[in-house]
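Trainee: Got a structure for you, questions after.
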Amino acid sequence: MAYPSMTRGHRLTGLSYLGFKTMNGNRFKTLLQLSPTMKVRVEVFGRSKSESEFVVSPEETVQDLMRRLNIAPDAVVVFRNGEPVPVDEGLSEGDVLTFIEAASGG
């Protein structure tokens, strides 16, 4: 029995899938994720500046994203679309999150 070869997934209307190609060339798709996803942009200002785009689920919060980025909640001030936001706040499609590292010292 021949196994189908896997091809890179694509995004269709917020759903992720993998495409498979069988030995005779037939193609079919298998859905991997049924929940929609959203894109948010993240800017981090501190010793250096970085900017990235992330795909998140509608259930994720600012704090969940901070865990993915390995950012401690007490080390930054968080803004969403230019407004201060608590870390337990949910995310929306197109949000721009800005993390500004707190400076301290003597």
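Convention: chains lettered A, B, ... in structure tokens order; per-chain residue numbering from 1; ligands numbered from 1 as shown.
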So which residues touch region 74-76 of chain A within 10 Å, counting only C-alpha atoms, skipping near sequence neighbours fewer than 2 positions away, as a list of chain:residue names?

Mentor: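 The residues satisfying every condition are A:Val44, A:Phe45, A:Gly46, A:Met66, A:Ile71, A:Ala72, A:Val78, A:Phe79, A:Thr98, A:Phe99, A:Ile100, A:Glu101, A:Ala102, A:Ala103, A:Ser104.
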
Trainee: Emit the selected residues as a PDB file, in the first residue's frame, including C-alpha atoms.

Mentor:
```pdb
ATOM      1  CA  VAL A  44       8.760  44.855  21.615  1.00  0.00           C
ATOM      2  CA  PHE A  45      10.752  47.895  22.735  1.00  0.00           C
ATOM      3  CA  GLY A  46      13.629  47.547  25.164  1.00  0.00           C
ATOM      4  CA  MET A  66       3.480  36.784  26.541  1.00  0.00           C
ATOM      5  CA  ILE A  71       8.039  37.858  28.475  1.00  0.00           C
ATOM      6  CA  ALA A  72       7.444  38.313  32.224  1.00  0.00           C
ATOM      7  CA  VAL A  78       1.489  46.476  27.484  1.00  0.00           C
ATOM      8  CA  PHE A  79      -0.435  48.560  24.956  1.00  0.00           C
ATOM      9  CA  THR A  98       3.293  46.904  22.031  1.00  0.00           C
ATOM     10  CA  PHE A  99       5.451  45.648  24.899  1.00  0.00           C
ATOM     11  CA  ILE A 100       7.716  48.269  26.471  1.00  0.00           C
ATOM     12  CA  GLU A 101      10.327  46.885  28.854  1.00  0.00           C
ATOM     13  CA  ALA A 102      10.456  48.662  32.197  1.00  0.00           C
ATOM     14  CA  ALA A 103      13.782  50.344  32.888  1.00  0.00           C
ATOM     15  CA  SER A 104      15.242  50.287  36.373  1.00  0.00           C
TER      16      SER A 104
END
```

Trainee: Need the shell around Asn81 (chain A): protein/DNA/RNA residues with any atom at most 12 Å away, counting only C-alpha atoms. Skip same-chain ones fewer than 3 positions apart. Format as a tab-separated table (two decimals) with C-alpha atoms, in the first residue's frame?

Mentor:
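Final file, selection-v5.tsv:
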```tsv
chain	number	residue	atom	x	y	z
A	40	VAL	CA	-1.88	40.15	15.53
A	41	ARG	CA	1.25	42.26	15.25
A	42	VAL	CA	3.68	42.44	18.17
A	43	GLU	CA	6.24	45.17	18.79
A	78	VAL	CA	1.49	46.48	27.48
A	84	PRO	CA	-2.84	50.42	27.98
A	85	VAL	CA	-4.33	46.96	28.45
A	91	LEU	CA	-7.15	39.55	21.48
A	92	SER	CA	-8.87	40.59	18.24
A	93	GLU	CA	-8.00	40.30	14.55
A	94	GLY	CA	-5.51	42.98	13.52
A	95	ASP	CA	-4.53	44.05	17.05
A	96	VAL	CA	-1.16	45.73	17.43
A	97	LEU	CA	0.40	44.81	20.78
A	98	THR	CA	3.29	46.90	22.03
A	99	PHE	CA	5.45	45.65	24.90
```

Trainee: Would you list, as number ranges by chain, the residues of region 37-89 of chain A that end up in helix (DSSP H, G or I) under DSSP run on this structure's backbone?

Mentor: A: 62-69, 73-75

Trainee: What is the distance, in Å and to one decimal place, between CA of Glu60 (chain A) and CA of Lys39 (chain A)?

Mentor: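 Spanning CA of Glu60 (chain A) to CA of Lys39 (chain A) is a straight-line distance of 11.6 Å.
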
Trainee: Interatomic distance between CA of Pro36 (chain A) and CA of Pro73 (chain A)?

Mentor: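 Value for the CA of Pro36 (chain A)-CA of Pro73 (chain A) distance: 26.8 Å.
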
Trainee: Work out how far apart CA of Glu89 (chain A) and CA of Gln63 (chain A) are and give it in Å to one decimal.

Mentor: 7.9 Å
